[in-house]
file start_23.tsv (TSV, N, CA and C atoms)
chain	number	residue	atom	x	y	z
A	20	MET	N	-16.44	-10.59	-29.87
A	20	MET	CA	-15.70	-9.35	-29.81
A	20	MET	C	-14.48	-9.55	-28.91
A	21	PRO	N	-13.29	-9.19	-29.38
A	21	PRO	CA	-12.11	-9.32	-28.52
A	21	PRO	C	-12.26	-8.47	-27.26
A	22	THR	N	-12.01	-9.09	-26.12
A	22	THR	CA	-12.18	-8.41	-24.84
A	22	THR	C	-10.89	-8.53	-24.04
A	23	ILE	N	-10.36	-7.38	-23.63
A	23	ILE	CA	-9.10	-7.33	-22.89
A	23	ILE	C	-9.38	-6.87	-21.47
A	24	LEU	N	-8.89	-7.64	-20.52
A	24	LEU	CA	-8.99	-7.31	-19.09
A	24	LEU	C	-7.63	-6.87	-18.60
A	25	PHE	N	-7.56	-5.69	-18.00
A	25	PHE	CA	-6.34	-5.21	-17.36
A	25	PHE	C	-6.48	-5.51	-15.87
A	26	LEU	N	-5.54	-6.27	-15.34
A	26	LEU	CA	-5.66	-6.81	-13.99
A	26	LEU	C	-4.45	-6.46	-13.14
A	27	CYS	N	-4.72	-5.89	-11.97
A	27	CYS	CA	-3.66	-5.66	-10.99
A	27	CYS	C	-4.25	-5.94	-9.61
A	28	VAL	N	-3.66	-5.40	-8.58
A	28	VAL	CA	-4.12	-5.69	-7.23
A	28	VAL	C	-5.26	-4.76	-6.81
A	29	ALA	N	-5.01	-3.45	-6.78
A	29	ALA	CA	-6.00	-2.52	-6.23
A	29	ALA	C	-6.98	-1.96	-7.25
A	30	ASN	N	-6.68	-2.06	-8.53
A	30	ASN	CA	-7.54	-1.49	-9.58
A	30	ASN	C	-7.82	-0.01	-9.28
A	31	SER	N	-6.75	0.70	-8.86
A	31	SER	CA	-6.92	2.11	-8.52
A	31	SER	C	-6.18	3.04	-9.47
A	32	ALA	N	-5.11	2.58	-10.11
A	32	ALA	CA	-4.33	3.47	-10.98
A	32	ALA	C	-3.92	2.76	-12.28
A	33	ARG	N	-2.99	1.81	-12.21
A	33	ARG	CA	-2.43	1.19	-13.42
A	33	ARG	C	-3.48	0.59	-14.33
A	34	SER	N	-4.27	-0.32	-13.81
A	34	SER	CA	-5.26	-1.00	-14.65
A	34	SER	C	-6.37	-0.05	-15.08
A	35	GLN	N	-6.72	0.91	-14.22
A	35	GLN	CA	-7.73	1.90	-14.58
A	35	GLN	C	-7.23	2.77	-15.74
A	36	MET	N	-5.97	3.19	-15.66
A	36	MET	CA	-5.40	4.01	-16.72
A	36	MET	C	-5.27	3.21	-18.01
A	37	ALA	N	-4.87	1.96	-17.90
A	37	ALA	CA	-4.75	1.12	-19.10
A	37	ALA	C	-6.11	0.95	-19.77
A	38	GLU	N	-7.14	0.72	-18.97
A	38	GLU	CA	-8.50	0.60	-19.52
A	38	GLU	C	-8.91	1.89	-20.23
A	39	GLY	N	-8.69	3.02	-19.58
A	39	GLY	CA	-9.06	4.30	-20.17
A	39	GLY	C	-8.27	4.61	-21.43
A	40	LEU	N	-6.97	4.34	-21.38
A	40	LEU	CA	-6.11	4.56	-22.54
A	40	LEU	C	-6.55	3.68	-23.71
A	41	ALA	N	-6.85	2.43	-23.41
A	41	ALA	CA	-7.29	1.50	-24.46
A	41	ALA	C	-8.61	1.96	-25.07
A	42	ARG	N	-9.55	2.30	-24.23
A	42	ARG	CA	-10.85	2.76	-24.75
A	42	ARG	C	-10.71	4.03	-25.57
A	43	GLY	N	-9.79	4.89	-25.15
A	43	GLY	CA	-9.61	6.16	-25.83
A	43	GLY	C	-8.84	6.08	-27.13
A	44	THR	N	-8.11	4.99	-27.35
A	44	THR	CA	-7.25	4.92	-28.53
A	44	THR	C	-7.53	3.74	-29.45
A	45	ALA	N	-8.27	2.78	-29.00
A	45	ALA	CA	-8.50	1.56	-29.80
A	45	ALA	C	-9.52	1.81	-30.90
A	46	PRO	N	-9.38	1.08	-31.99
A	46	PRO	CA	-10.41	1.15	-33.03
A	46	PRO	C	-11.68	0.46	-32.55
A	47	PRO	N	-12.81	0.71	-33.19
A	47	PRO	CA	-14.05	0.02	-32.81
A	47	PRO	C	-13.88	-1.50	-32.91
A	48	GLY	N	-14.68	-2.21	-32.13
A	48	GLY	CA	-14.67	-3.66	-32.19
A	48	GLY	C	-13.94	-4.35	-31.05
A	49	TYR	N	-13.54	-3.58	-30.05
A	49	TYR	CA	-12.87	-4.14	-28.87
A	49	TYR	C	-13.65	-3.73	-27.63
A	50	ARG	N	-13.51	-4.56	-26.60
A	50	ARG	CA	-14.11	-4.25	-25.31
A	50	ARG	C	-12.98	-4.31	-24.27
A	51	PHE	N	-12.99	-3.40	-23.32
A	51	PHE	CA	-11.93	-3.31	-22.31
A	51	PHE	C	-12.53	-3.21	-20.92
A	52	TRP	N	-11.94	-3.96	-20.01
A	52	TRP	CA	-12.32	-3.89	-18.60
A	52	TRP	C	-11.06	-3.85	-17.76
A	53	SER	N	-11.22	-3.46	-16.51
A	53	SER	CA	-10.13	-3.55	-15.54
A	53	SER	C	-10.70	-4.07	-14.23
A	54	ALA	N	-9.82	-4.70	-13.45
A	54	ALA	CA	-10.23	-5.24	-12.15
A	54	ALA	C	-9.00	-5.43	-11.29
A	55	GLY	N	-9.24	-5.69	-10.01
A	55	GLY	CA	-8.16	-5.96	-9.07
A	55	GLY	C	-8.53	-7.08	-8.13
A	56	SER	N	-7.51	-7.75	-7.61
A	56	SER	CA	-7.76	-8.85	-6.67
A	56	SER	C	-8.15	-8.31	-5.30
A	57	GLU	N	-7.73	-7.08	-4.98
A	57	GLU	CA	-8.09	-6.41	-3.73
A	57	GLU	C	-8.48	-4.97	-4.07
A	58	PRO	N	-9.63	-4.77	-4.71
A	58	PRO	CA	-9.96	-3.43	-5.21
A	58	PRO	C	-10.03	-2.37	-4.12
A	59	GLY	N	-9.48	-1.21	-4.47
A	59	GLY	CA	-9.52	-0.07	-3.57
A	59	GLY	C	-10.46	0.98	-4.12
A	60	THR	N	-9.93	2.18	-4.34
A	60	THR	CA	-10.71	3.26	-4.94
A	60	THR	C	-9.89	3.88	-6.07
A	61	LEU	N	-10.58	4.45	-7.04
A	61	LEU	CA	-9.93	5.09	-8.16
A	61	LEU	C	-9.05	6.24	-7.64
A	62	HIS	N	-7.78	6.22	-8.01
A	62	HIS	CA	-6.83	7.22	-7.51
A	62	HIS	C	-6.98	8.52	-8.30
A	63	PRO	N	-7.11	9.66	-7.62
A	63	PRO	CA	-7.29	10.94	-8.31
A	63	PRO	C	-6.15	11.28	-9.27
A	64	LEU	N	-4.94	10.84	-8.97
A	64	LEU	CA	-3.81	11.11	-9.85
A	64	LEU	C	-3.98	10.41	-11.21
A	65	ALA	N	-4.57	9.22	-11.20
A	65	ALA	CA	-4.84	8.52	-12.46
A	65	ALA	C	-5.85	9.30	-13.29
A	66	VAL	N	-6.89	9.80	-12.63
A	66	VAL	CA	-7.93	10.58	-13.32
A	66	VAL	C	-7.32	11.85	-13.90
A	67	GLN	N	-6.54	12.55	-13.09
A	67	GLN	CA	-5.94	13.82	-13.50
A	67	GLN	C	-4.96	13.62	-14.66
A	68	THR	N	-4.14	12.59	-14.59
A	68	THR	CA	-3.12	12.36	-15.61
A	68	THR	C	-3.75	12.09	-16.96
A	69	LEU	N	-4.77	11.25	-17.00
A	69	LEU	CA	-5.41	10.96	-18.29
A	69	LEU	C	-6.25	12.14	-18.76
A	70	ALA	N	-6.82	12.91	-17.86
A	70	ALA	CA	-7.58	14.10	-18.26
A	70	ALA	C	-6.69	15.07	-19.01
A	71	GLU	N	-5.42	15.12	-18.63
A	71	GLU	CA	-4.47	16.03	-19.29
A	71	GLU	C	-4.23	15.67	-20.75
A	72	VAL	N	-4.54	14.42	-21.13
A	72	VAL	CA	-4.39	14.02	-22.54
A	72	VAL	C	-5.76	13.77	-23.18
A	73	GLY	N	-6.81	14.29	-22.53
A	73	GLY	CA	-8.14	14.24	-23.11
A	73	GLY	C	-8.91	12.95	-22.92
A	74	ILE	N	-8.51	12.13	-21.94
A	74	ILE	CA	-9.23	10.88	-21.67
A	74	ILE	C	-9.85	10.97	-20.28
A	75	ASP	N	-11.17	10.83	-20.21
A	75	ASP	CA	-11.90	10.96	-18.95
A	75	ASP	C	-12.19	9.58	-18.36
A	76	ILE	N	-11.56	9.29	-17.23
A	76	ILE	CA	-11.85	8.03	-16.54
A	76	ILE	C	-12.54	8.28	-15.20
A	77	SER	N	-13.03	9.49	-14.99
A	77	SER	CA	-13.64	9.84	-13.70
A	77	SER	C	-14.88	9.01	-13.40
A	78	HIS	N	-15.51	8.44	-14.41
A	78	HIS	CA	-16.71	7.61	-14.23
A	78	HIS	C	-16.37	6.16	-13.88
A	79	GLN	N	-15.11	5.78	-14.06
A	79	GLN	CA	-14.71	4.40	-13.77
A	79	GLN	C	-14.64	4.18	-12.26
A	80	ARG	N	-14.84	2.94	-11.84
A	80	ARG	CA	-14.80	2.58	-10.42
A	80	ARG	C	-13.94	1.33	-10.25
A	81	ALA	N	-13.24	1.25	-9.13
A	81	ALA	CA	-12.46	0.05	-8.82
A	81	ALA	C	-13.42	-1.11	-8.60
A	82	LYS	N	-13.05	-2.27	-9.13
A	82	LYS	CA	-13.91	-3.45	-8.99
A	82	LYS	C	-13.07	-4.70	-8.89
A	83	GLY	N	-13.68	-5.73	-8.33
A	83	GLY	CA	-13.02	-7.02	-8.21
A	83	GLY	C	-13.37	-7.93	-9.37
A	84	LEU	N	-12.73	-9.07	-9.40
A	84	LEU	CA	-12.95	-10.04	-10.49
A	84	LEU	C	-14.38	-10.56	-10.53
A	85	SER	N	-15.08	-10.53	-9.41
A	85	SER	CA	-16.45	-11.03	-9.40
A	85	SER	C	-17.38	-10.17	-10.25
A	86	HIS	N	-16.94	-8.96	-10.62
A	86	HIS	CA	-17.75	-8.06	-11.44
A	86	HIS	C	-17.43	-8.17	-12.93
A	87	ILE	N	-16.55	-9.10	-13.29
A	87	ILE	CA	-16.11	-9.25	-14.67
A	87	ILE	C	-16.61	-10.59	-15.21
A	88	PRO	N	-17.27	-10.61	-16.36
A	88	PRO	CA	-17.66	-11.89	-16.98
A	88	PRO	C	-16.43	-12.55	-17.62
A	89	LEU	N	-15.69	-13.30	-16.83
A	89	LEU	CA	-14.40	-13.85	-17.26
A	89	LEU	C	-14.52	-14.75	-18.48
A	90	ASP	N	-15.67	-15.39	-18.67
A	90	ASP	CA	-15.83	-16.27	-19.83
A	90	ASP	C	-15.86	-15.48	-21.14
A	91	GLU	N	-15.97	-14.16	-21.08
A	91	GLU	CA	-15.97	-13.32	-22.28
A	91	GLU	C	-14.61	-12.69	-22.57
A	92	VAL	N	-13.64	-12.90	-21.68
A	92	VAL	CA	-12.32	-12.27	-21.80
A	92	VAL	C	-11.42	-13.11	-22.71
A	93	SER	N	-10.77	-12.45	-23.68
A	93	SER	CA	-9.86	-13.15	-24.58
A	93	SER	C	-8.39	-12.91	-24.23
A	94	THR	N	-8.10	-11.83	-23.50
A	94	THR	CA	-6.74	-11.50	-23.09
A	94	THR	C	-6.77	-10.89	-21.70
A	95	ILE	N	-5.86	-11.34	-20.84
A	95	ILE	CA	-5.70	-10.76	-19.51
A	95	ILE	C	-4.30	-10.17	-19.43
A	96	VAL	N	-4.22	-8.85	-19.30
A	96	VAL	CA	-2.95	-8.15	-19.17
A	96	VAL	C	-2.74	-7.87	-17.68
A	97	THR	N	-1.69	-8.43	-17.10
A	97	THR	CA	-1.37	-8.15	-15.70
A	97	THR	C	-0.40	-6.98	-15.64
A	98	LEU	N	-0.59	-6.12	-14.65
A	98	LEU	CA	0.18	-4.88	-14.52
A	98	LEU	C	0.77	-4.79	-13.12
A	99	CYS	N	1.56	-5.75	-12.73
A	99	CYS	CA	2.12	-5.77	-11.38
A	99	CYS	C	3.64	-5.76	-11.47
A	100	ALA	N	4.27	-5.12	-10.50
A	100	ALA	CA	5.73	-5.10	-10.47
A	100	ALA	C	6.24	-5.57	-9.11
A	101	GLU	N	5.91	-4.83	-8.07
A	101	GLU	CA	6.47	-5.11	-6.75
A	101	GLU	C	5.61	-6.03	-5.89
A	102	GLU	N	4.43	-6.37	-6.36
A	102	GLU	CA	3.55	-7.23	-5.59
A	102	GLU	C	3.21	-8.48	-6.40
A	103	VAL	N	2.55	-9.42	-5.77
A	103	VAL	CA	2.16	-10.66	-6.45
A	103	VAL	C	0.93	-10.37	-7.30
A	104	CYS	N	1.03	-10.68	-8.59
A	104	CYS	CA	-0.09	-10.45	-9.50
A	104	CYS	C	-1.20	-11.46	-9.25
A	105	PRO	N	-2.43	-11.01	-9.38
A	105	PRO	CA	-3.54	-11.95	-9.30
A	105	PRO	C	-3.48	-12.91	-10.49
A	106	TYR	N	-3.98	-14.11	-10.28
A	106	TYR	CA	-3.98	-15.11	-11.34
A	106	TYR	C	-5.42	-15.60	-11.55
A	107	VAL	N	-5.80	-15.70	-12.80
A	107	VAL	CA	-7.12	-16.23	-13.15
A	107	VAL	C	-6.89	-17.45	-14.03
A	108	PRO	N	-7.31	-18.63	-13.58
A	108	PRO	CA	-7.14	-19.83	-14.41
A	108	PRO	C	-7.94	-19.69	-15.70
A	109	SER	N	-7.24	-19.83	-16.82
A	109	SER	CA	-7.89	-19.68	-18.11
A	109	SER	C	-6.87	-19.99	-19.20
A	110	THR	N	-7.34	-20.15	-20.41
A	110	THR	CA	-6.44	-20.41	-21.54
A	110	THR	C	-6.28	-19.18	-22.43
A	111	VAL	N	-6.55	-18.00	-21.91
A	111	VAL	CA	-6.45	-16.76	-22.68
A	111	VAL	C	-5.00	-16.31	-22.80
A	112	ARG	N	-4.75	-15.38	-23.70
A	112	ARG	CA	-3.42	-14.75	-23.80
A	112	ARG	C	-3.17	-13.99	-22.51
A	113	ARG	N	-1.89	-13.93	-22.08
A	113	ARG	CA	-1.53	-13.31	-20.80
A	113	ARG	C	-0.29	-12.44	-20.87
A	114	PRO	N	-0.31	-11.35	-21.60
A	114	PRO	CA	0.86	-10.47	-21.55
A	114	PRO	C	1.01	-9.86	-20.16
A	115	HIS	N	2.24	-9.60	-19.77
A	115	HIS	CA	2.52	-9.01	-18.46
A	115	HIS	C	3.28	-7.70	-18.66
A	116	TRP	N	2.77	-6.62	-18.09
A	116	TRP	CA	3.44	-5.33	-18.12
A	116	TRP	C	3.84	-5.00	-16.69
A	117	PRO	N	5.10	-5.15	-16.33
A	117	PRO	CA	5.53	-4.92	-14.94
A	117	PRO	C	5.64	-3.44	-14.61
A	118	LEU	N	4.51	-2.84	-14.25
A	118	LEU	CA	4.46	-1.42	-13.91
A	118	LEU	C	4.31	-1.25	-12.40
A	119	GLN	N	5.15	-0.40	-11.84
A	119	GLN	CA	5.06	-0.11	-10.41
A	119	GLN	C	3.79	0.67	-10.12
A	120	ASP	N	3.18	0.41	-8.98
A	120	ASP	CA	1.93	1.05	-8.60
A	120	ASP	C	2.18	2.44	-8.03
A	121	PRO	N	1.80	3.50	-8.77
A	121	PRO	CA	2.04	4.85	-8.25
A	121	PRO	C	1.25	5.15	-6.99
A	122	ALA	N	0.14	4.47	-6.78
A	122	ALA	CA	-0.68	4.71	-5.58
A	122	ALA	C	0.00	4.18	-4.32
A	123	ARG	N	0.94	3.26	-4.46
A	123	ARG	CA	1.61	2.68	-3.29
A	123	ARG	C	2.97	3.30	-2.99
A	124	VAL	N	3.39	4.21	-3.84
A	124	VAL	CA	4.70	4.83	-3.67
A	124	VAL	C	4.60	5.99	-2.68
A	125	GLU	N	5.53	6.03	-1.73
A	125	GLU	CA	5.60	7.14	-0.80
A	125	GLU	C	6.17	8.34	-1.54
A	126	GLY	N	5.62	9.51	-1.30
A	126	GLY	CA	6.16	10.71	-1.92
A	126	GLY	C	5.07	11.64	-2.40
A	127	THR	N	5.51	12.69	-3.06
A	127	THR	CA	4.58	13.70	-3.55
A	127	THR	C	3.88	13.20	-4.81
A	128	ASP	N	2.84	13.90	-5.21
A	128	ASP	CA	2.17	13.57	-6.47
A	128	ASP	C	3.15	13.67	-7.63
A	129	GLY	N	4.04	14.65	-7.58
A	129	GLY	CA	5.05	14.79	-8.64
A	129	GLY	C	5.95	13.58	-8.73
A	130	GLU	N	6.37	13.05	-7.59
A	130	GLU	CA	7.21	11.85	-7.59
A	130	GLU	C	6.44	10.64	-8.09
A	131	ARG	N	5.18	10.55	-7.75
A	131	ARG	CA	4.34	9.45	-8.22
A	131	ARG	C	4.13	9.56	-9.73
A	132	ARG	N	3.95	10.78	-10.20
A	132	ARG	CA	3.73	11.00	-11.64
A	132	ARG	C	4.93	10.53	-12.46
A	133	GLU	N	6.12	10.53	-11.87
A	133	GLU	CA	7.30	10.06	-12.59
A	133	GLU	C	7.16	8.60	-13.00
A	134	LEU	N	6.35	7.84	-12.29
A	134	LEU	CA	6.14	6.44	-12.62
A	134	LEU	C	5.17	6.27	-13.78
A	135	LEU	N	4.31	7.24	-14.00
A	135	LEU	CA	3.24	7.10	-14.98
A	135	LEU	C	3.70	7.05	-16.43
A	136	PRO	N	4.80	7.70	-16.83
A	136	PRO	CA	5.19	7.59	-18.23
A	136	PRO	C	5.41	6.16	-18.70
A	137	THR	N	5.71	5.26	-17.77
A	137	THR	CA	5.87	3.87	-18.19
A	137	THR	C	4.58	3.32	-18.75
A	138	LEU	N	3.45	3.89	-18.34
A	138	LEU	CA	2.18	3.45	-18.90
A	138	LEU	C	2.06	3.84	-20.37
A	139	TRP	N	2.62	4.99	-20.73
A	139	TRP	CA	2.56	5.40	-22.13
A	139	TRP	C	3.36	4.43	-23.00
A	140	THR	N	4.46	3.90	-22.48
A	140	THR	CA	5.21	2.92	-23.27
A	140	THR	C	4.39	1.64	-23.41
A	141	ALA	N	3.50	1.40	-22.46
A	141	ALA	CA	2.64	0.22	-22.55
A	141	ALA	C	1.65	0.35	-23.69
A	142	ASP	N	1.41	1.57	-24.18
A	142	ASP	CA	0.49	1.76	-25.29
A	142	ASP	C	0.95	0.99	-26.52
A	143	SER	N	2.25	0.95	-26.77
A	143	SER	CA	2.73	0.18	-27.92
A	143	SER	C	2.52	-1.31	-27.68
A	144	GLU	N	2.63	-1.74	-26.43
A	144	GLU	CA	2.34	-3.13	-26.11
A	144	GLU	C	0.86	-3.43	-26.27
A	145	LEU	N	0.02	-2.45	-25.95
A	145	LEU	CA	-1.42	-2.61	-26.14
A	145	LEU	C	-1.72	-2.83	-27.63
A	146	ASN	N	-1.09	-2.04	-28.48
A	146	ASN	CA	-1.29	-2.23	-29.92
A	146	ASN	C	-0.86	-3.62	-30.35
A	147	GLU	N	0.24	-4.11	-29.81
A	147	GLU	CA	0.70	-5.46	-30.14
A	147	GLU	C	-0.29	-6.51	-29.62
A	148	THR	N	-0.83	-6.29	-28.44
A	148	THR	CA	-1.81	-7.21	-27.88
A	148	THR	C	-3.04	-7.30	-28.76
A	149	ARG	N	-3.51	-6.17	-29.25
A	149	ARG	CA	-4.68	-6.17	-30.13
A	149	ARG	C	-4.37	-6.88	-31.44
A	150	ARG	N	-3.17	-6.63	-32.01
A	150	ARG	CA	-2.80	-7.28	-33.28
A	150	ARG	C	-2.67	-8.79	-33.13
A	151	SER	N	-2.20	-9.25	-31.98
A	151	SER	CA	-1.99	-10.68	-31.77
A	151	SER	C	-3.29	-11.46	-31.69
A	152	GLY	N	-4.34	-10.81	-31.25
A	152	GLY	CA	-5.63	-11.47	-31.17
A	152	GLY	C	-5.74	-12.40	-29.98
A	153	PRO	N	-6.89	-13.07	-29.85
A	153	PRO	CA	-7.12	-13.95	-28.71
A	153	PRO	C	-6.29	-15.21	-28.79
A	154	ALA	N	-6.22	-15.92	-27.66
A	154	ALA	CA	-5.50	-17.19	-27.61
A	154	ALA	C	-6.15	-18.20	-28.56
A	155	LYS	N	-5.34	-19.03	-29.10
A	155	LYS	CA	-5.85	-20.05	-30.02
A	155	LYS	C	-6.33	-21.26	-29.25
call {"tool": "encode", "arguments": {"input": "start_23.tsv", "output": "structure tokens"}}
result
Amino acid sequence: MPTILFLCVANSARSQMAEGLARGTAPPGYRFWSAGSEPGTLHPLAVQTLAEVGIDISHQRAKGLSHIPLDEVSTIVTLCAEEVCPYVPSTVRRPHWPLQDPARVEGTDGERRELLPTLWTADSELNETRRSGPAK
């Protein structure tokens, strides 16, 4: 089964939202996980934003790579912009979506939310990632 891992640093917003969005929109036959190199806690703004479009990620938890069966992953999508992305040695496909971390931005929730629409544009990239299939 094709398995996509969304990977960033804290696994609190970007990768959590990507996992939830993927699970909520993908056809059957895919598995999705998210993780971070320095996991924090699930950001309430990520939960609230996806809830507004009918996707519930409130049950998801931030986790590190040690909680992911990496030998089952066919694609690793990194979602880092201003920080150094974690790297996992492997021969899998590695698309990169340079999304700024809304949890690290100073400002109001409204200002942080302005960063989140970039995740919706990543949905078209997610569709392309699924169509491309695993690494050969």
call {"tool": "residues_around", "arguments": {"input": "start_23.tsv", "residues": "Leu84 of chain A", "least_positions_apart": "4", "cutoff": "12 Å", "atoms": "only C-alpha atoms", "output": "PyMOL selection string"}}
result
chain A and resi 24-30+52-58+88-90+92+95+105-107
call {"tool": "residues_around", "arguments": {"input": "start_23.tsv", "residues": "segment 109-116 of chain A", "least_positions_apart": "3", "cutoff": "6 Å", "atoms": "only C-alpha atoms", "output": "JSON, numbers by chain"}}
result
{"A": [93, 94, 95, 96, 97, 98, 154]}
call {"tool": "residues_around", "arguments": {"input": "start_23.tsv", "residues": "segment 120-131 of chain A", "least_positions_apart": "6", "cutoff": "12 Å", "atoms": "only C-alpha atoms", "output": "list in words"}}
result
Cys27, Val28, Ala29, Asn30, Ser31, Ala32, Arg33, Ser34, Gln35, Met36, Gly59, Thr60, Leu61, His62, Pro63, Leu64, Ala65, Gln67, Thr68, Leu98, Cys99, Ala100, Glu101, Glu102, Val103, Cys104, Thr137 and Leu138 of chain A
call {"tool": "atom_distance", "arguments": {"input": "start_23.tsv", "atom1": "atom C of Gly73 of chain A", "atom2": "atom N of Leu40 of chain A"}}
result
9.0 Å
call {"tool": "select_by_dssp", "arguments": {"input": "start_23.tsv", "residues": "segment 48-135 of chain A", "states": "helix (DSSP H, G or I)", "output": "compact mmCIF listing (two decimals) with N, CA and C atoms, keeping the file's coordinate frame"}}
result
# COMPACT_ATOMS: atom_id res chain seq x y z
N PRO A 63 -7.11 9.66 -7.62
CA PRO A 63 -7.29 10.94 -8.31
C PRO A 63 -6.15 11.28 -9.27
N LEU A 64 -4.94 10.84 -8.97
CA LEU A 64 -3.81 11.11 -9.85
C LEU A 64 -3.98 10.41 -11.21
N ALA A 65 -4.57 9.22 -11.20
CA ALA A 65 -4.84 8.52 -12.46
C ALA A 65 -5.85 9.30 -13.29
N VAL A 66 -6.89 9.80 -12.63
CA VAL A 66 -7.93 10.58 -13.32
C VAL A 66 -7.32 11.85 -13.90
N GLN A 67 -6.54 12.55 -13.09
CA GLN A 67 -5.94 13.82 -13.50
C GLN A 67 -4.96 13.62 -14.66
N THR A 68 -4.14 12.59 -14.59
CA THR A 68 -3.12 12.36 -15.61
C THR A 68 -3.75 12.09 -16.96
N LEU A 69 -4.77 11.25 -17.00
CA LEU A 69 -5.41 10.96 -18.29
C LEU A 69 -6.25 12.14 -18.76
N ALA A 70 -6.82 12.91 -17.86
CA ALA A 70 -7.58 14.10 -18.26
C ALA A 70 -6.69 15.07 -19.01
N LEU A 84 -12.73 -9.07 -9.40
CA LEU A 84 -12.95 -10.04 -10.49
C LEU A 84 -14.38 -10.56 -10.53
N SER A 85 -15.08 -10.53 -9.41
CA SER A 85 -16.45 -11.03 -9.40
C SER A 85 -17.38 -10.17 -10.25
N HIS A 86 -16.94 -8.96 -10.62
CA HIS A 86 -17.75 -8.06 -11.44
C HIS A 86 -17.43 -8.17 -12.93
N LEU A 89 -15.69 -13.30 -16.83
CA LEU A 89 -14.40 -13.85 -17.26
C LEU A 89 -14.52 -14.75 -18.48
N ASP A 90 -15.67 -15.39 -18.67
CA ASP A 90 -15.83 -16.27 -19.83
C ASP A 90 -15.86 -15.48 -21.14
N GLU A 91 -15.97 -14.16 -21.08
CA GLU A 91 -15.97 -13.32 -22.28
C GLU A 91 -14.61 -12.69 -22.57
N PRO A 121 1.80 3.50 -8.77
CA PRO A 121 2.04 4.85 -8.25
C PRO A 121 1.25 5.15 -6.99
N ALA A 122 0.14 4.47 -6.78
CA ALA A 122 -0.68 4.71 -5.58
C ALA A 122 0.00 4.18 -4.32
N ARG A 123 0.94 3.26 -4.46
CA ARG A 123 1.61 2.68 -3.29
C ARG A 123 2.97 3.30 -2.99
N ASP A 128 2.84 13.90 -5.21
CA ASP A 128 2.17 13.57 -6.47
C ASP A 128 3.15 13.67 -7.63
N GLY A 129 4.04 14.65 -7.58
CA GLY A 129 5.05 14.79 -8.64
C GLY A 129 5.95 13.58 -8.73
N GLU A 130 6.37 13.05 -7.59
CA GLU A 130 7.21 11.85 -7.59
C GLU A 130 6.44 10.64 -8.09
N ARG A 131 5.18 10.55 -7.75
CA ARG A 131 4.34 9.45 -8.22
C ARG A 131 4.13 9.56 -9.73
N ARG A 132 3.95 10.78 -10.20
CA ARG A 132 3.73 11.00 -11.64
C ARG A 132 4.93 10.53 -12.46
